[in-house]
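Colleague: Here it is, the structure, as structure tokens.
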Amino acid sequence: MIEKNFKNLDEQIEIFRFKGMIIENEKYAKQVLLRENYFFLNGYRHPFLLSETDRKFKKGTTFEEMYSLFLFDRSFRNVLFKYILVIENNLKSIISYQLSKKYGYRENDYLKEKNFTKTPERRAQVSDLLKKMKRQIRVNGSQHSATQHYVSNYGYIPLWILVKVLSFGIVSEMFSILKEEDQNEISKVYGIDSETLIIYLPILANYRNLCAHEDILYENRTQKSIDDTIYHRLLKIPKKDEEYIYGKNDLFALIIIMKQLLLEEDFKNMLLELNHVIDTLNYNLHTIKISDIMKKMGFPMNWQSLADLQRSNDE
């Protein structure tokens with residue numbers, strides 16, 4: 001096994017220069033490397049390389065240019081994270097309303113196995129998830145002010161309070177094992193079918209965690225693709241081998257999901273914020289083109305038109 005040795009800031013600078021990167025302000029570069037971490041910053045080198053085999057930088061590549069891609073990804077993450085949290089909060093509110101209305105607001109009422117799918121192969125999953133949620137009640141009943149308030153004053157935690165301390169992943173899994181009629185009632189709010197929402201929620205939960213932990217976002221691909229939507233057709237996204245080349249398991253697929261789950265005003269505001277972030281990167285790029293990055297993100301050239309397209313349930 002090859003061992004990776006520690007490299008000081010001077011050595012890190014030398015590695016970049018050896019590969020052809022232009023670093024004019026060495027003091028600034030060292031400050032960035034110290035604060036941002038060489039390993040994480042180096043993860044943004046790929047668009048600037050001659051090739052993955054010839055791992056030298058393209059002629060003219062500057063440290064500032066690669067750092068601008070790093071900052072672009074951070075800003076893009078921050079915008080998406082903000083609006084994913086809006087979706088998360090909305091979903092938790094809708095689920096807790098539906099289940100509390102139908103099954104009751106005490107945990108002994110809404111956390112009964114009979115309230116969930118009766119499908120035999122999902123029984124173990126239902127039992128496991130209920131244990132996770134009851135564990136959250138035990139832990140958070142004393143650690144969070146809202147849950148502590150209800151436990152101390154009422155002796156129970158209603159679902160609309162519990163969902164605030166449940167992870168998006170748990171809520172996503174909970175939706176997947178609800179009774180079909182409950183899934184349909186919740187999905188109806190968004191104007192999509194429950195099967196589609198079951199696909200969307202794990203993808204959203206995955207991106208939520210990616211954004212929260214500052215992983216590389218712009219070229220991320222999900223394991224599962226979303227189904228074709230009316231937006232793929234209306235945007236005239238090209239196909240290869242009968243499959244759309246953008247908006248399936250790339251970052252633009254996430255934008256399509258958010259188009260269907262956010263309120264129209266929120267979605268348009270999000271696109272405006274994202275466009276500003278893209279414009280800033282475009283200004284700072286010299287060696288490569290903004291279209292190179294947009295292609296890695298899966299964004300078609302007319303991506304902004306998505307804001308003006310009617311929602312699928314209005315078509």
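Each chain of the structure tokens is named A, B, ... in the order shown, its residues numbered from 1; ligands are numbered from 1 in display order.
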If you run DSSP on the backbone, which residues of region 133-278 of chain A are helix (DSSP H, G or I), as a PyMOL selection string?

Modeller: chain A and resi 133-143+145-153+159-165+168-176+180-190+194-212+230-234+251-261+264-278

Colleague: Do you know which residues are at most 9 Å from region 255-267 of chain A counting only C-alpha atoms, after dropping those on the same chain fewer than 6 positions away, and could you put them as a ChimeraX atom specification?

Modeller: /A:80,83-84,86-87,90,190-192,200,204,226,229,231-232,247,306-307,311-312

Colleague: For N, CA and C atoms, I'd like the residues from the last selection saved as an mmCIF file, in the first residue's frame.

Modeller:
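Result went into out-v2.cif, see below:
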```
data_model
loop_
_atom_site.group_PDB
_atom_site.id
_atom_site.type_symbol
_atom_site.label_atom_id
_atom_site.label_comp_id
_atom_site.auth_asym_id
_atom_site.auth_seq_id
_atom_site.Cartn_x
_atom_site.Cartn_y
_atom_site.Cartn_z
ATOM 1 N N LEU A 80 -28.756 25.457 -2.699
ATOM 2 C CA LEU A 80 -29.576 24.247 -2.758
ATOM 3 C C LEU A 80 -29.943 23.749 -1.366
ATOM 4 N N TYR A 83 -32.933 25.550 0.131
ATOM 5 C CA TYR A 83 -34.248 25.198 -0.413
ATOM 6 C C TYR A 83 -34.597 23.720 -0.188
ATOM 7 N N ILE A 84 -33.595 22.855 -0.050
ATOM 8 C CA ILE A 84 -33.885 21.469 0.347
ATOM 9 C C ILE A 84 -34.455 21.448 1.754
ATOM 10 N N VAL A 86 -36.281 23.755 3.021
ATOM 11 C CA VAL A 86 -37.680 24.188 2.878
ATOM 12 C C VAL A 86 -38.544 22.977 2.519
ATOM 13 N N ILE A 87 -38.085 22.180 1.560
ATOM 14 C CA ILE A 87 -38.822 20.975 1.163
ATOM 15 C C ILE A 87 -38.936 20.018 2.334
ATOM 16 N N ASN A 90 -41.507 21.313 4.803
ATOM 17 C CA ASN A 90 -42.856 21.172 4.237
ATOM 18 C C ASN A 90 -43.324 19.729 4.295
ATOM 19 N N TYR A 190 -48.449 17.659 -3.736
ATOM 20 C CA TYR A 190 -47.402 18.075 -4.678
ATOM 21 C C TYR A 190 -47.824 17.893 -6.142
ATOM 22 N N GLY A 191 -48.972 17.262 -6.353
ATOM 23 C CA GLY A 191 -49.417 17.047 -7.724
ATOM 24 C C GLY A 191 -48.649 15.970 -8.452
ATOM 25 N N ILE A 192 -48.041 15.031 -7.707
ATOM 26 C CA ILE A 192 -47.327 13.918 -8.326
ATOM 27 C C ILE A 192 -47.837 12.623 -7.701
ATOM 28 N N TYR A 200 -38.070 10.226 -5.355
ATOM 29 C CA TYR A 200 -37.470 11.538 -5.131
ATOM 30 C C TYR A 200 -36.870 11.707 -3.734
ATOM 31 N N LEU A 204 -33.271 13.389 -2.511
ATOM 32 C CA LEU A 204 -33.212 14.650 -1.773
ATOM 33 C C LEU A 204 -32.445 14.492 -0.464
ATOM 34 N N ILE A 226 -34.033 9.436 -12.041
ATOM 35 C CA ILE A 226 -35.446 9.765 -11.961
ATOM 36 C C ILE A 226 -36.117 9.393 -13.275
ATOM 37 N N THR A 229 -39.698 13.158 -17.260
ATOM 38 C CA THR A 229 -40.778 14.076 -16.899
ATOM 39 C C THR A 229 -41.155 14.925 -18.106
ATOM 40 N N TYR A 231 -40.834 17.941 -18.222
ATOM 41 C CA TYR A 231 -39.820 18.988 -18.348
ATOM 42 C C TYR A 231 -38.679 18.569 -19.265
ATOM 43 N N HIS A 232 -38.328 17.304 -19.259
ATOM 44 C CA HIS A 232 -37.307 16.818 -20.191
ATOM 45 C C HIS A 232 -37.755 17.084 -21.633
ATOM 46 N N GLY A 247 -30.462 15.525 -16.798
ATOM 47 C CA GLY A 247 -31.633 15.543 -15.927
ATOM 48 C C GLY A 247 -32.120 14.184 -15.483
ATOM 49 N N LEU A 306 -36.830 26.502 -17.198
ATOM 50 C CA LEU A 306 -37.588 25.638 -16.295
ATOM 51 C C LEU A 306 -38.464 26.457 -15.348
ATOM 52 N N ALA A 307 -38.029 27.673 -15.030
ATOM 53 C CA ALA A 307 -38.784 28.526 -14.103
ATOM 54 C C ALA A 307 -40.154 28.890 -14.670
ATOM 55 N N ARG A 311 -46.249 23.550 -14.024
ATOM 56 C CA ARG A 311 -46.063 22.313 -13.273
ATOM 57 C C ARG A 311 -46.779 21.170 -13.990
ATOM 58 N N SER A 312 -46.263 19.955 -13.789
ATOM 59 C CA SER A 312 -46.758 18.805 -14.537
ATOM 60 C C SER A 312 -48.243 18.566 -14.331
#
```

Colleague: Residues of region 34-101 of chain A that approach region 8-16 of chain A to 9 Å or less, counting only C-alpha atoms: could you list each one with the shortest pair of atoms and its distance in Å to one decimal, rows by chain and increasing residue number, as CSV?

Modeller:
```
residue,atom,partner,partner_atom,distance
A:Leu34,CA,A:Leu9,CA,7.4
A:Tyr38,CA,A:Gln12,CA,7.2
A:Phe57,CA,A:Phe16,CA,8.6
A:Phe63,CA,A:Phe16,CA,8.4
```

Colleague: Of the residues A:Ser145, A:Ser51, A:Ser176, A:Ser152, which is the one nearest to Gln125 (chain A), using only C-alpha atoms?

Modeller: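 Using only C-alpha atoms, Gln125 (chain A) sits closest to A:Ser176.
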
Colleague: For a quick check of understanding, using only C-alpha atoms, which of A:Met174, A:Ile22, A:Leu271, A:Ile157 has the smallest distance to Lys131 (chain A)?

Modeller: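 Once distances to Lys131 (chain A) are computed over only C-alpha atoms, the minimum belongs to A:Met174.
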
Colleague: Using only C-alpha atoms, can you tell me which of A:Leu130, A:Asp193, A:Leu33, A:Arg106 comes closest to Val151 (chain A)?

Modeller: A:Arg106

Colleague: I'd like the contact shell of region 64-70 of chain A - 8 Å cut-off, only C-alpha atoms, skipping same-chain residues fewer than 4 positions apart - returned as a JSON list (two decimals) with N, CA and C atoms, in the first residue's frame.

Modeller:
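New file part_3.json:
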```json
[["chain", "number", "residue", "atom", "x", "y", "z"],
["A", 41, "LEU", "N", -9.41, 21.12, -1.98],
["A", 41, "LEU", "CA", -9.24, 22.04, -3.11],
["A", 41, "LEU", "C", -8.76, 21.29, -4.35],
["A", 44, "TYR", "N", -10.97, 19.74, -7.18],
["A", 44, "TYR", "CA", -11.57, 20.55, -8.24],
["A", 44, "TYR", "C", -10.62, 20.74, -9.43],
["A", 45, "ARG", "N", -9.56, 19.95, -9.48],
["A", 45, "ARG", "CA", -8.55, 20.10, -10.53],
["A", 45, "ARG", "C", -8.98, 19.53, -11.88],
["A", 48, "PHE", "N", -9.52, 21.26, -15.26],
["A", 48, "PHE", "CA", -8.38, 22.05, -15.70],
["A", 48, "PHE", "C", -7.20, 21.19, -16.18],
["A", 74, "ARG", "N", -19.27, 25.65, -3.44],
["A", 74, "ARG", "CA", -19.74, 25.96, -2.08],
["A", 74, "ARG", "C", -20.99, 26.83, -2.13],
["A", 281, "LEU", "N", -19.00, 32.58, -11.44],
["A", 281, "LEU", "CA", -17.98, 31.63, -11.90],
["A", 281, "LEU", "C", -17.58, 31.94, -13.33],
["A", 284, "ASN", "N", -14.98, 34.46, -13.63],
["A", 284, "ASN", "CA", -13.66, 34.09, -13.11],
["A", 284, "ASN", "C", -12.96, 33.00, -13.90],
["A", 285, "LEU", "N", -13.65, 32.41, -14.88],
["A", 285, "LEU", "CA", -13.03, 31.36, -15.69],
["A", 285, "LEU", "C", -12.31, 31.94, -16.90],
["A", 286, "HIS", "N", -11.12, 31.40, -17.19],
["A", 286, "HIS", "CA", -10.33, 31.87, -18.33],
["A", 286, "HIS", "C", -9.80, 30.70, -19.16]]
```

Colleague: Using only C-alpha atoms, pick whichever of A:Tyr110, A:Lys92, A:Val79, A:Lys101 has the shortest atom-to-atom distance to Lys164 (chain A).

Modeller: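 Selected residue with least distance to Lys164 (chain A): A:Lys92.
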
Colleague: With only C-alpha atoms as the basis for distance, which of A:Ile137, A:Met301, A:Val171, A:Leu251 is at the shortest distance from Leu210 (chain A)?

Modeller: A:Leu251

Colleague: Within 10 Å of Leu91 (chain A), counting only C-alpha atoms, which residues show up once you throw out same-chain ones fewer than 6 positions away? Write them as a list of chain:residue names, please.

Modeller: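 Using only C-alpha atoms, the neighbours found are A:Leu85, A:Tyr97, A:Val163, A:Phe168, A:Val171, A:Ser172, A:Phe175, A:Ile186, A:Ser187, A:Val189, A:Tyr190, A:Leu201, A:Leu261.
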